[in-house]
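Here the structure is laid out as structure tokens; the discussion comes afterwards.
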Amino acid sequence: MTRPKFAALTALGLAAAAVVCGATLATAAPSAGTTIATRKANFKKMGAAMKALKGELSGTPDKAAVLKAAKTIAATGRVQAKLFPAGTGPSSGEKTDALPAIWTKRATFDAGMTKLVTEADKLITVANTGNASAMQAQFRAVGGTCGACHKQFRAD
Amino acid sequence: MSEAPATTRIWDPTIRLFHWLLVGFVGFSWWTGEQHDMEWHRLSGYAILALLVFRLFWGFAGPRTARFGQFVKGPAAVAAYAKTLGSKQAHAADGHNPLGGWSTLALIGVLLMMVVAGLFAIDVDGWDGGPLSDYITFDQGRAFAAFHETVFNVILALVALHIAAIAFYAVWKRQRLVPAMITGKRKLDAGETAQELRWSPVLALVGIALGVAVAWAASTGFRF
């Protein structure tokens with residue numbers, strides 16, 4: 001093997017390695033801090049949407065506003081379910097109200113997350129009918145899923 | 001003439017009722033708050049709001065011992081009174097002493113802040129909150145909720161001070177303040193003449209109606 005060829009191959013190899021490394025870095029799990037910050041922001045978004053629903057349903061609801069809030073909850077709920085990887089609890093050293101029970105009772109937690117999304121989807125369906133009392137009832141069902149999980153999995 | 005020890009009236013019935021209802025509802029609010037029983041917690045808060053509004057009204061329309069103008073004293077009077085605290089001699093004048101007057105005002109003020117913060121507070125789920133939370137954003141409502149929690153510690157501290165002061169008077173000055181808040185009377189000292197405690201039942205009813213009206217209006221979020 002000639003010297004220039006060897007140098008070229010080495011360069012190629014290094015470049016390939018760099019690409020692979022770069023790709024790995026890009027897909028690497030974000031830090032616990034980032035994950036916790038993201039899910040907190042998402043929960044706030046859902047809280048604000050719940051509050052918007054509460055406001056709408058305390059009077060004559062505006063169908064479009066109810067739909068928008070319900071869609072926010074359903075879409076954000078789907079994202080949230082994936083934002084509790086192992087190592088993002090209080091042991092991470094980050095400030096979080098997530099209790100260790102999330103990871104010890106994972107199946108219960110995941111079922112609660114699924115239920116939230118299911119109930120939020122139902123709220124979208126109900127909102128489309130425009131029936132105010134049905135919206136009110138389904139809003140309660142969604143709120144119930146918040147409370148049910150928070151009681152077990154969120155520090156007070 | 002009766003041989004029973006002579007007494008003098010110091011607390012009118014409405015202020016005694018106010019006091020003990022306040023004790024009960026603050027305790028009940030604490031309990032329901034801890035239990036996250038927001039239905040009862042809200043109702044308890046409205047009751048406290050009605051009591052506080054009545055008390056503010058009574059501070060101007062009530063008998064002498066209820067009036068702010070009578071028991072809220074300047075710093076000189078407070079300092080002078082504080083100097084006599086060490087003495088075993090009981091404070092002879094009726095009603096709140098110059099130091100206790102400020103403690104009363106502080107309690108009323110802090111409880112008012114607590115109730116108002118509660119009216120605007122929203123829970124973390126965004127679906128349960130005070131009747132005025134509809135007027136503000138979720139983040140603002142959460143800030144009120146955080147404040148509501150912080151102020152509770154101040155209430156606990158003031159109540160602890162209140163009870164400690166009562167214990168101090170009972171032990172050090174041999175003056176029992178709790179029976180007076182129950183019966184409305186205290187024993188007359190030798191050579192002391194009983195003073196009248198004039199109050200108007202009509203004005204009391206006005207105060208109660210005012211308290212109930214304000215609390216009811218707030219509970220609807222001022223939507224009539």
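Labels for the structure tokens follow display order: chains A, B, ..., residues from 1 in each chain, ligands from 1.
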
At most 6 Å is the cut-off: for each residue in chain A with any atom that close to an atom of chain B, write down the nearest atom pair and the distance in Å rounded to one decimal, counting only C-alpha atoms, chain first then increasing number, as a tab-separated table.
residue	atom	partner	partner_atom	distance
A:Gly47	CA	B:Gly126	CA	4.5
A:Ala48	CA	B:Phe138	CA	5.1
A:Met50	CA	B:Gly126	CA	5.1
A:Lys51	CA	B:Gly126	CA	4.5
A:Lys54	CA	B:Trp127	CA	5.9
A:Gly55	CA	B:Asp134	CA	5.8

Exercise: region 172-180 of chain B partners within 8 Å, only C-alpha atoms, chain neighbours under 4 positions left out, as a PyMOL selection string: chain B and resi 10-11+87-90+166+168+184-186

Interatomic distance, CA of Leu210 (chain B) to CA of Phe57 (chain B) (Å, one decimal): 8.3 Å

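Residues in contact with Asn128 (chain A) at 9 Å, where only C-alpha atoms are counted and same-chain residues fewer than 2 positions away are skipped, are listed as A:Lys63, A:Ala64, A:Leu67, A:Leu123, A:Ile124, A:Thr125, A:Val126, A:Gly130, A:Asn131.
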
DSSP helix (DSSP H, G or I) residues within region 18-154 of chain A, as a PyMOL selection string: chain A and resi 18-27+32-57+63-80+90-92+101-104+106-129+132-153

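Residues in contact with Tyr46 (chain B) at up to 12 Å, not including ones fewer than 6 positions away on its chain and judged by only C-alpha atoms, are Leu22, Phe25, Val26, Ser29, Glu39, Trp40, Leu52, Val53, Leu111, Leu112, Met114, Val115, Val116, Gly118, Leu119, Gly130, Pro131, Gly211, Val212, Ala213, Val214, Ala215, Trp216, Ala217, Ala218, Ser219, Thr220 and Gly221 of chain B.
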
Exercise: region 94-111 of chain A partners within 7 Å, only C-alpha atoms, chain neighbours under 2 positions left out, as an MDAnalysis selection string: chainID A and resid 33 81 86 89:90 92 113:115 153:155

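The smallest atom-to-atom distance between Arg198 (chain B) and any of B:Thr32, B:Thr84, B:Ser103, B:Thr65, using only C-alpha atoms, is found for B:Thr65.
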
Residue contacts of region 191-195 of chain B (10 Å, only C-alpha atoms) excluding same-chain residues fewer than 2 positions away, as a ChimeraX atom specification: /B:6-10,92,94,186-189,197-198

Write a file of the just-selected residues containing N, CA, C and O atoms, as a PDB file, in the first residue's frame.
ATOM      1  N   ALA B   6     -68.850  39.990  91.087  1.00  0.00           N
ATOM      2  CA  ALA B   6     -69.299  40.931  90.067  1.00  0.00           C
ATOM      3  C   ALA B   6     -68.488  40.723  88.795  1.00  0.00           C
ATOM      4  O   ALA B   6     -67.284  40.469  88.841  1.00  0.00           O
ATOM      5  N   THR B   7     -69.169  40.809  87.643  1.00  0.00           N
ATOM      6  CA  THR B   7     -68.478  40.652  86.361  1.00  0.00           C
ATOM      7  C   THR B   7     -68.766  41.860  85.490  1.00  0.00           C
ATOM      8  O   THR B   7     -69.666  42.637  85.764  1.00  0.00           O
ATOM      9  N   THR B   8     -67.962  42.000  84.465  1.00  0.00           N
ATOM     10  CA  THR B   8     -68.214  43.050  83.477  1.00  0.00           C
ATOM     11  C   THR B   8     -68.139  42.417  82.089  1.00  0.00           C
ATOM     12  O   THR B   8     -67.356  41.485  81.855  1.00  0.00           O
ATOM     13  N   ARG B   9     -68.981  42.911  81.184  1.00  0.00           N
ATOM     14  CA  ARG B   9     -69.039  42.337  79.831  1.00  0.00           C
ATOM     15  C   ARG B   9     -67.903  42.931  78.995  1.00  0.00           C
ATOM     16  O   ARG B   9     -67.721  44.148  78.994  1.00  0.00           O
ATOM     17  N   ILE B  10     -67.171  42.069  78.324  1.00  0.00           N
ATOM     18  CA  ILE B  10     -66.126  42.614  77.453  1.00  0.00           C
ATOM     19  C   ILE B  10     -66.274  42.218  75.982  1.00  0.00           C
ATOM     20  O   ILE B  10     -65.861  42.948  75.094  1.00  0.00           O
ATOM     21  N   ALA B  92     -55.548  45.815  82.991  1.00  0.00           N
ATOM     22  CA  ALA B  92     -56.894  46.054  83.524  1.00  0.00           C
ATOM     23  C   ALA B  92     -57.917  46.401  82.445  1.00  0.00           C
ATOM     24  O   ALA B  92     -59.073  46.036  82.557  1.00  0.00           O
ATOM     25  N   ASP B  94     -60.351  46.631  79.215  1.00  0.00           N
ATOM     26  CA  ASP B  94     -61.079  45.590  78.500  1.00  0.00           C
ATOM     27  C   ASP B  94     -60.591  45.456  77.063  1.00  0.00           C
ATOM     28  O   ASP B  94     -60.131  46.412  76.463  1.00  0.00           O
ATOM     29  N   ARG B 186     -65.682  39.069  82.198  1.00  0.00           N
ATOM     30  CA  ARG B 186     -64.549  38.810  83.090  1.00  0.00           C
ATOM     31  C   ARG B 186     -64.920  39.326  84.469  1.00  0.00           C
ATOM     32  O   ARG B 186     -65.822  40.160  84.611  1.00  0.00           O
ATOM     33  N   LYS B 187     -64.195  38.819  85.448  1.00  0.00           N
ATOM     34  CA  LYS B 187     -64.450  39.254  86.832  1.00  0.00           C
ATOM     35  C   LYS B 187     -64.006  40.697  86.992  1.00  0.00           C
ATOM     36  O   LYS B 187     -63.000  41.121  86.424  1.00  0.00           O
ATOM     37  N   LEU B 188     -64.788  41.399  87.805  1.00  0.00           N
ATOM     38  CA  LEU B 188     -64.397  42.779  88.107  1.00  0.00           C
ATOM     39  C   LEU B 188     -63.332  42.771  89.189  1.00  0.00           C
ATOM     40  O   LEU B 188     -63.401  41.980  90.130  1.00  0.00           O
ATOM     41  N   ASP B 189     -62.364  43.652  89.048  1.00  0.00           N
ATOM     42  CA  ASP B 189     -61.384  43.801  90.122  1.00  0.00           C
ATOM     43  C   ASP B 189     -62.022  44.580  91.259  1.00  0.00           C
ATOM     44  O   ASP B 189     -63.030  45.270  91.071  1.00  0.00           O
ATOM     45  N   LEU B 197     -71.358  47.604  77.540  1.00  0.00           N
ATOM     46  CA  LEU B 197     -70.874  47.168  76.242  1.00  0.00           C
ATOM     47  C   LEU B 197     -72.047  47.305  75.280  1.00  0.00           C
ATOM     48  O   LEU B 197     -72.833  46.393  75.088  1.00  0.00           O
ATOM     49  N   ARG B 198     -72.184  48.487  74.755  1.00  0.00           N
ATOM     50  CA  ARG B 198     -73.346  48.749  73.894  1.00  0.00           C
ATOM     51  C   ARG B 198     -73.107  48.287  72.473  1.00  0.00           C
ATOM     52  O   ARG B 198     -72.087  48.600  71.877  1.00  0.00           O
TER      53      ARG B 198
END
